Structure formats: C-alpha cells, structure tokens
file entry22.cif (mmCIF, C-alpha atoms and all ligand atoms)
data_start
#
loop_
_atom_site.label_atom_id
_atom_site.label_comp_id
_atom_site.auth_asym_id
_atom_site.auth_seq_id
_atom_site.Cartn_x
_atom_site.Cartn_y
_atom_site.Cartn_z
CA HIS A 2 -4.11 -27.42 9.72
CA ARG A 3 -4.73 -24.49 12.08
CA THR A 4 -2.66 -21.31 12.13
CA ALA A 5 -2.50 -18.77 14.95
CA ALA A 6 -0.81 -15.38 15.05
CA VAL A 7 1.15 -14.20 18.10
CA ILE A 8 1.64 -10.44 18.39
CA PRO A 9 4.34 -9.36 20.86
CA ALA A 10 3.16 -5.92 21.99
CA ALA A 11 4.87 -5.60 25.36
CA GLY A 12 7.65 -3.22 24.27
CA ARG A 13 7.89 0.27 25.71
CA GLY A 14 8.93 1.86 22.41
CA VAL A 15 11.52 4.20 23.91
CA ARG A 16 12.95 5.07 20.47
CA LEU A 17 9.61 6.56 19.47
CA GLY A 18 9.91 9.22 22.18
CA PRO A 19 8.01 9.69 25.44
CA GLY A 20 4.39 8.52 25.81
CA ALA A 21 2.27 5.38 26.08
CA PRO A 22 3.67 1.90 25.24
CA LYS A 23 4.27 1.90 21.48
CA ALA A 24 1.54 -0.60 20.60
CA LEU A 25 -1.10 1.57 22.28
CA ARG A 26 -0.28 4.76 20.40
CA ALA A 27 -2.85 5.91 17.88
CA LEU A 28 -2.52 5.75 14.11
CA GLY A 29 -5.39 7.37 12.25
CA GLY A 30 -7.22 7.51 15.58
CA THR A 31 -6.91 3.74 16.22
CA PRO A 32 -4.24 2.10 18.44
CA MET A 33 -1.34 0.61 16.48
CA LEU A 34 -2.01 -2.76 18.11
CA VAL A 35 -5.60 -2.83 16.80
CA HIS A 36 -4.28 -2.25 13.27
CA ALA A 37 -1.82 -5.11 13.76
CA VAL A 38 -4.49 -7.51 15.07
CA ARG A 39 -6.78 -6.62 12.16
CA ALA A 40 -3.92 -7.14 9.70
CA MET A 41 -3.58 -10.74 10.97
CA ALA A 42 -7.35 -11.34 11.21
CA ARG A 43 -7.80 -10.23 7.59
CA SER A 44 -6.09 -13.45 6.51
CA ARG A 45 -8.65 -16.25 6.25
CA ALA A 46 -5.95 -18.68 7.35
CA VAL A 47 -5.67 -17.09 10.81
CA SER A 48 -8.37 -18.22 13.26
CA LEU A 49 -6.73 -17.13 16.52
CA VAL A 50 -4.67 -14.08 17.47
CA VAL A 51 -2.70 -14.07 20.75
CA VAL A 52 -1.72 -10.58 21.87
CA VAL A 53 1.17 -10.33 24.32
CA ALA A 54 0.52 -7.24 26.43
CA PRO A 55 2.87 -5.24 28.68
CA PRO A 56 3.29 -7.26 31.94
CA ASP A 57 1.06 -4.83 33.88
CA GLY A 58 -1.23 -3.95 30.98
CA ALA A 59 -3.17 -7.10 30.03
CA ALA A 60 -6.51 -5.80 31.38
CA GLU A 61 -6.10 -2.48 29.55
CA VAL A 62 -5.24 -4.25 26.29
CA ARG A 63 -8.19 -6.64 26.65
CA HIS A 64 -10.50 -3.67 27.15
CA LEU A 65 -9.03 -1.87 24.14
CA LEU A 66 -9.51 -4.88 21.85
CA ASP A 67 -13.09 -5.38 23.05
CA GLU A 68 -13.83 -1.81 21.96
CA HIS A 69 -12.61 -2.43 18.39
CA PRO A 70 -14.54 -5.08 16.47
CA LEU A 71 -12.78 -7.86 14.55
CA PRO A 72 -14.07 -10.42 12.04
CA GLU A 73 -16.35 -12.90 13.83
CA ARG A 74 -14.26 -15.93 12.87
CA THR A 75 -11.22 -14.58 14.77
CA ASP A 76 -10.63 -15.35 18.46
CA VAL A 77 -8.33 -13.05 20.40
CA LEU A 78 -6.46 -14.04 23.58
CA VAL A 79 -4.47 -11.55 25.67
CA VAL A 80 -1.54 -12.70 27.85
CA PRO A 81 1.06 -10.70 29.82
CA GLY A 82 4.55 -10.42 28.28
CA GLY A 83 8.10 -10.36 29.62
CA ASP A 84 11.22 -8.19 29.84
CA THR A 85 12.52 -9.10 26.38
CA ARG A 86 10.80 -9.63 23.06
CA GLN A 87 11.87 -13.25 23.17
CA GLU A 88 10.21 -13.82 26.56
CA SER A 89 7.08 -12.13 25.27
CA VAL A 90 6.97 -14.43 22.24
CA ARG A 91 7.44 -17.44 24.51
CA ALA A 92 4.50 -16.32 26.68
CA GLY A 93 2.37 -16.13 23.53
CA LEU A 94 3.42 -19.59 22.34
CA ASP A 95 2.64 -21.07 25.76
CA ALA A 96 -0.94 -19.81 25.44
CA LEU A 97 -1.67 -21.62 22.15
CA PRO A 98 -4.27 -24.40 22.17
CA ALA A 99 -3.15 -27.94 21.29
CA ASP A 100 -4.69 -28.02 17.80
CA ILE A 101 -2.48 -25.21 16.45
CA THR A 102 0.18 -26.58 14.08
CA SER A 103 1.67 -23.42 12.59
CA VAL A 104 2.16 -19.92 13.90
CA LEU A 105 2.84 -16.41 12.67
CA ILE A 106 4.85 -14.07 14.89
CA HIS A 107 4.00 -10.47 14.05
CA ASP A 108 5.32 -7.25 15.59
CA ALA A 109 2.64 -4.89 16.87
CA ALA A 110 5.02 -2.27 15.51
CA ARG A 111 4.22 -3.33 11.90
CA PRO A 112 0.56 -2.30 11.85
CA LEU A 113 0.14 -1.85 8.09
CA VAL A 114 1.35 -5.16 6.63
CA PRO A 115 -0.95 -6.03 3.67
CA VAL A 116 -2.97 -9.26 3.81
CA ASP A 117 -1.26 -10.58 0.66
CA THR A 118 2.07 -10.60 2.50
CA VAL A 119 0.50 -12.46 5.45
CA ASP A 120 -1.08 -14.98 3.09
CA SER A 121 2.13 -15.64 1.20
CA VAL A 122 3.96 -16.42 4.45
CA VAL A 123 1.17 -18.79 5.58
CA GLU A 124 1.13 -20.46 2.19
CA ALA A 125 4.88 -21.12 2.22
CA VAL A 126 4.60 -22.72 5.69
CA ARG A 127 1.62 -24.84 4.64
CA ASP A 128 3.60 -25.91 1.56
CA GLY A 129 6.20 -27.40 3.90
CA ALA A 130 8.78 -24.72 4.79
CA PRO A 131 9.47 -24.93 8.56
CA ALA A 132 10.39 -21.23 8.82
CA VAL A 133 9.48 -18.36 6.48
CA VAL A 134 10.36 -14.66 6.65
CA PRO A 135 9.14 -11.82 4.45
CA ALA A 136 11.99 -9.53 3.44
CA LEU A 137 13.02 -6.79 1.01
CA PRO A 138 16.30 -5.86 -0.71
CA LEU A 139 18.11 -2.92 0.90
CA ALA A 140 18.26 0.59 -0.50
CA ASP A 141 21.24 1.55 1.68
CA THR A 142 24.70 0.05 1.61
CA VAL A 143 25.41 -1.60 4.97
CA LYS A 144 28.73 -1.53 6.85
CA GLU A 145 29.83 -3.65 9.75
CA VAL A 146 31.58 -1.51 12.38
CA GLU A 147 33.40 -1.88 15.65
CA PRO A 148 30.81 -0.22 17.91
CA GLY A 149 32.31 2.70 19.84
CA ARG A 150 31.08 5.24 22.31
CA PRO A 151 28.01 7.22 21.16
CA GLY A 152 29.07 10.18 19.01
CA GLU A 153 32.60 8.90 18.35
CA PRO A 154 33.74 7.72 14.90
CA GLU A 155 33.57 3.94 14.55
CA PRO A 156 36.07 1.91 12.50
CA VAL A 157 34.55 0.01 9.56
CA LEU A 158 35.24 -3.73 9.57
CA GLY A 159 33.67 -4.58 6.24
CA THR A 160 30.98 -4.02 3.60
CA PRO A 161 28.77 -7.02 2.84
CA GLU A 162 27.67 -7.25 -0.79
CA ARG A 163 24.35 -5.40 -0.84
CA SER A 164 22.67 -7.63 -3.43
CA ARG A 165 22.94 -10.58 -1.02
CA LEU A 166 21.31 -8.74 1.91
CA ARG A 167 17.62 -8.57 2.83
CA ALA A 168 15.82 -6.47 5.43
CA VAL A 169 13.55 -8.81 7.33
CA GLN A 170 9.97 -8.03 8.32
CA THR A 171 7.08 -9.79 10.03
CA PRO A 172 4.86 -11.81 10.14
CA GLN A 173 7.41 -14.61 10.26
CA GLY A 174 5.79 -18.02 9.84
CA PHE A 175 6.76 -21.31 11.49
CA ASP A 176 5.86 -24.88 11.92
CA LEU A 177 4.98 -24.62 15.63
CA LYS A 178 7.12 -27.57 16.75
CA THR A 179 10.16 -26.09 14.99
CA LEU A 180 9.79 -22.72 16.75
CA LEU A 181 9.13 -24.29 20.16
CA HIS A 182 12.22 -26.44 19.75
CA ALA A 183 14.29 -23.31 19.03
CA HIS A 184 12.92 -21.54 22.11
CA GLU A 185 13.75 -24.55 24.27
CA THR A 186 17.29 -25.10 23.02
CA ILE A 187 18.76 -21.75 21.98
CA ALA A 188 20.11 -19.57 24.77
CA VAL A 189 20.25 -15.88 23.91
CA ASN A 190 21.93 -13.36 26.17
CA GLY A 191 21.21 -9.71 26.89
CA GLU A 192 18.25 -8.23 25.07
CA GLY A 193 17.30 -11.58 23.59
CA ALA A 194 16.71 -12.41 19.95
CA THR A 195 15.56 -9.54 17.71
CA ASP A 196 14.11 -11.99 15.23
CA ASP A 197 12.40 -15.35 15.73
CA ALA A 198 13.78 -16.91 12.55
CA GLY A 199 17.31 -16.19 13.82
CA MET A 200 16.73 -18.61 16.68
CA VAL A 201 15.46 -21.28 14.31
CA GLU A 202 18.51 -20.78 12.06
CA ARG A 203 20.75 -21.55 15.02
CA THR A 204 19.08 -24.96 15.42
CA GLY A 205 20.28 -25.81 11.91
CA VAL A 206 16.88 -25.55 10.22
CA THR A 207 16.79 -23.75 6.84
CA VAL A 208 14.78 -20.52 6.88
CA VAL A 209 13.41 -19.23 3.57
CA VAL A 210 12.61 -15.68 2.45
CA VAL A 211 9.49 -14.64 0.54
CA PRO A 212 8.91 -11.11 -0.80
CA GLY A 213 8.01 -8.60 1.89
CA HIS A 214 6.17 -5.33 1.36
CA GLU A 215 7.11 -1.65 1.75
CA GLU A 216 4.05 -1.09 3.90
CA ALA A 217 5.16 -3.75 6.38
CA PHE A 218 7.79 -1.30 7.72
CA LYS A 219 8.35 -1.11 11.48
CA VAL A 220 7.17 1.97 13.33
CA THR A 221 10.24 2.67 15.44
CA ARG A 222 11.12 6.37 15.26
CA PRO A 223 8.96 9.52 15.16
CA LEU A 224 9.37 9.81 11.35
CA ASP A 225 7.84 6.34 10.95
CA LEU A 226 4.63 7.66 12.53
CA VAL A 227 4.45 10.36 9.85
CA LEU A 228 4.88 7.73 7.13
CA ALA A 229 2.30 5.41 8.71
CA GLU A 230 -0.28 8.20 8.88
CA ALA A 231 0.37 8.99 5.21
CA VAL A 232 -0.06 5.34 4.17
CA LEU A 233 -3.36 5.14 6.07
CA ALA A 234 -4.61 8.39 4.55
CA ARG A 235 -3.77 7.08 1.07
CA ARG A 236 -5.66 3.84 1.75
CA ARG A 237 -8.71 5.76 2.92
CA ALA A 238 -8.70 8.14 -0.04
O1 LIG B 1 11.77 -3.04 20.18
P1 LIG B 1 11.34 -3.63 18.87
O2 LIG B 1 10.80 -2.57 17.92
O3 LIG B 1 12.30 -4.57 18.24
O4 LIG B 1 10.07 -4.50 19.26
C1 LIG B 1 9.47 -5.34 18.32
C2 LIG B 1 8.17 -5.87 18.89
O5 LIG B 1 8.42 -6.66 20.05
C3 LIG B 1 7.19 -4.76 19.30
O6 LIG B 1 5.91 -5.12 18.80
C4 LIG B 1 7.27 -4.79 20.80
O7 LIG B 1 6.05 -4.38 21.43
C5 LIG B 1 7.57 -6.25 21.11
N1 LIG B 1 8.23 -6.45 22.42
C6 LIG B 1 7.61 -7.26 23.39
N2 LIG B 1 8.20 -7.45 24.63
C7 LIG B 1 9.35 -6.82 24.94
C8 LIG B 1 10.00 -6.01 23.98
C9 LIG B 1 9.42 -5.84 22.72
O8 LIG B 1 6.55 -7.81 23.14
N3 LIG B 1 9.84 -7.00 26.17
#
call {"tool": "encode", "arguments": {"input": "entry22.cif", "output": "structure tokens"}}
result
Amino acid sequence: HRTAAVIPAAGRGVRLGPGAPKALRALGGTPMLVHAVRAMARSRAVSLVVVVAPPDGAAEVRHLLDEHPLPERTDVLVVPGGDTRQESVRAGLDALPADITSVLIHDAARPLVPVDTVDSVVEAVRDGAPAVVPALPLADTVKEVEPGRPGEPEPVLGTPERSRLRAVQTPQGFDLKTLLHAHETIAVNGEGATDDAGMVERTGVTVVVVPGHEEAFKVTRPLDLVLAEAVLARRRA
C-alpha cells in the first residue's frame, strides 16, 4: 500500500492581495509551499509528494524545494498546473507512478496542518474508506442567499441547521482509482470543483468526515497571514 500526496500550488492567490503566487509567499521566512510539503512529508505513510506549480513556474518551484531539505525517505516531483484547481489536481494525478494506490490532495494554502490530522486521514483510507475529508463544526451560522451585485443587499433563501454543517479542510484522502474515476466522469463548469471530495460524491460514492484541526485553516486573506505567523511563533516558542 503506497500513498502519495498531491499539492496543488498553481493558484495566484488574488484574495491575499498583490504579490507573488500565494504558495511562494513566506511564512516565518519560509515559503508557504515548503511548509505544506513538509507537513505531508512528516507523515511516515507518505513516500512521494507531487507539487503542482504555476504553469510557467515549475523550474522556480523545483529550485525552491531543492533549497529546503526534506526527510530523506520523501521523493518530491514538480509538475506544471492548469487554469483551475481541478486541472491542477488532474496534472498531479497524471504524474503518479503505477504503484501508488491511495492519494492525499492537500492545498498549499494550508501550510500548518498537524501530522496527526494527516495520519488520521491516511488511516481512514487504509481502513477501507474510498474518500475521507477532515472537517470542523462551524462557529458561524450560515445562510444561503440569492447572490446579487457586489455591495447590494442579498435576499436570504434559507438557514441550514448549523449542527449538521462542517467546514472542510485538506488533506483529503482517496483510494486513487475512486478519485481518477471522478475526474474522468464528472464535468464541472466555470472555476471547476473547489473540493475533490465533492466530485467523488457526485459519482455516488460515500465520503466520510474525520476530525479536522484549527491549525489546518486556509491562508486566503491578509488576516490569515497574521494568524499563520502567530501559530508558527507559538510552535517555535
Ligand atoms: O483558490 P483556493 O484558495 O481555493 O486554492 C486552493 C489551492 O488550489 C491553492 O493551494 C492553490 O494554489 C491551488 N490552485 C491550483 N491551480 C489553480 C488554482 C488554485 O493549484 N489554477
């Protein structure tokens, strides 16, 4: 049983503000992507990490990873990504060697996920679940709205019961054949799927949730960078 991790890191990160592609921005002096690769490599179950770089940035990403040492048992491949997250994930899956049977898909934008969370996802897949997502209950109440023009009030359509909702994180873990089947059969329009498990759900396969972790939050907006720096400083103290 061999598990690989695919890290889509080809996003521009426009919501974070102007600057380098999100995955290449520094956290505690080290690029976010390097933190994310190390977070996967820390799991003894992961023997290969495939990093999906911006389409024109594979050489730069390769160079960056060569400068930051990883555990010896971990191989790292770098492949160019696509226009959508989904295309980037597909490019990563296509690069996997034939002996890989299960895969983790992990956002470069979640650099601080603890190894225990990674291990619990891997364990659930190895125990037979075809698709596993780490997730947390929500603090906020969520409303469904009729999206309007930016800045205009939006009518509320409904309020799902909060106790039944979960905010989903990564790494998401899959039996590789199950995920490949979803990529081959599920057509997604526009920006593509925001979540790999969502594609698997649409093939009729049951996805299960395991507990996520607060520190697996996604670095999306400028405030998230402040939080990430604080988490790192606390770990180093
Ligand atoms: O934009 P969002 O925060 O949802 O991106 C999640 C992850 O998907 C990020 O790690 C980002 O780099 C990656 N991504 C990608 N290729 C794209 C768009 C996003 O690899 N075309």
call {"tool": "closest_residue", "arguments": {"input": "entry22.cif", "among": "A:Leu66, A:Leu181, A:Ala37, A:Ala60", "to": "A:Phe218", "atoms": "all atoms listed in the file"}}
result
A:Ala37
call {"tool": "closest_atom_pairs", "arguments": {"input": "entry22.cif", "of": "chain A", "to": "ligand LIG 1 (chain B)", "cutoff": "6 Å", "atoms": "all atoms listed in the file", "output": "CSV"}}
result
residue,atom,partner,partner_atom,distance
A:Pro9,CA,B:LIG1,O8,3.5
A:Ala10,CA,B:LIG1,O7,3.3
A:Ala11,CA,B:LIG1,O8,3.6
A:Gly12,CA,B:LIG1,O7,3.5
A:Ala24,CA,B:LIG1,O7,5.9
A:Gly82,CA,B:LIG1,N2,6.0
A:Gly83,CA,B:LIG1,N3,5.1
A:Asp84,CA,B:LIG1,N3,4.1
A:Thr85,CA,B:LIG1,N3,3.4
A:Arg86,CA,B:LIG1,C7,3.7
A:Ser89,CA,B:LIG1,O8,4.8
A:Asp108,CA,B:LIG1,O6,3.9
A:Ala109,CA,B:LIG1,O6,3.8
A:Ala110,CA,B:LIG1,O6,4.4
A:Thr195,CA,B:LIG1,O3,6.0
A:Thr221,CA,B:LIG1,O2,5.8
call {"tool": "atom_distance", "arguments": {"input": "entry22.cif", "atom1": "atom CA of A:His107", "atom2": "atom CA of A:Glu145"}}
result
27.1 Å
call {"tool": "atom_distance", "arguments": {"input": "entry22.cif", "atom1": "atom CA of A:Thr142", "atom2": "atom CA of A:Val157"}}
result
12.7 Å
call {"tool": "residues_near_point", "arguments": {"input": "entry22.cif", "point": "(29.6, 3.5, 13.2)", "cutoff": "7 Å", "atoms": "all atoms listed in the file", "output": "number ranges by chain"}}
result
A: 146, 148, 154-156
call {"tool": "residues_around", "arguments": {"input": "entry22.cif", "residues": "stretch 166-173 of chain A", "least_positions_apart": "2", "cutoff": "8 Å", "atoms": "only C-alpha atoms", "output": "ChimeraX atom specification"}}
result
/A:105-108,111,119,122,132-139,161-164,175,197-198,213,217-219
call {"tool": "closest_residue", "arguments": {"input": "entry22.cif", "among": "A:Ala234, A:Ile8, A:Leu78, A:Leu94", "to": "A:Leu180", "atoms": "only C-alpha atoms"}}
result
A:Leu94
call {"tool": "atom_distance", "arguments": {"input": "entry22.cif", "atom1": "atom CA of A:Asp120", "atom2": "atom CA of A:Asp141"}}
result
27.8 Å
call {"tool": "residues_around", "arguments": {"input": "entry22.cif", "residues": "A:Arg222", "least_positions_apart": "4", "cutoff": "10 Å", "atoms": "only C-alpha atoms", "output": "JSON, numbers by chain"}}
result
{"A": [14, 15, 16, 17, 18, 226, 227]}
call {"tool": "closest_residue", "arguments": {"input": "entry22.cif", "among": "A:Arg26, A:Leu65, A:Met33, A:Glu73", "to": "A:Ser48", "atoms": "only C-alpha atoms"}}
result
A:Glu73
call {"tool": "residues_around", "arguments": {"input": "entry22.cif", "residues": "A:Asp117", "least_positions_apart": "3", "cutoff": "12 Å", "atoms": "only C-alpha atoms", "output": "list in words"}}
result
Ala40, Met41, Arg43, Ser44, Arg45, Ala46, Leu113, Val114, Asp120, Ser121, Val122, Val123, Glu124, Pro135, Pro172, Val211, Pro212, Gly213, His214, Glu216 and Ala217 of chain A
call {"tool": "closest_residue", "arguments": {"input": "entry22.cif", "among": "A:Ala194, A:Val104, A:Ala59, A:Val80", "to": "A:Ala5", "atoms": "all atoms listed in the file"}}
result
A:Val104
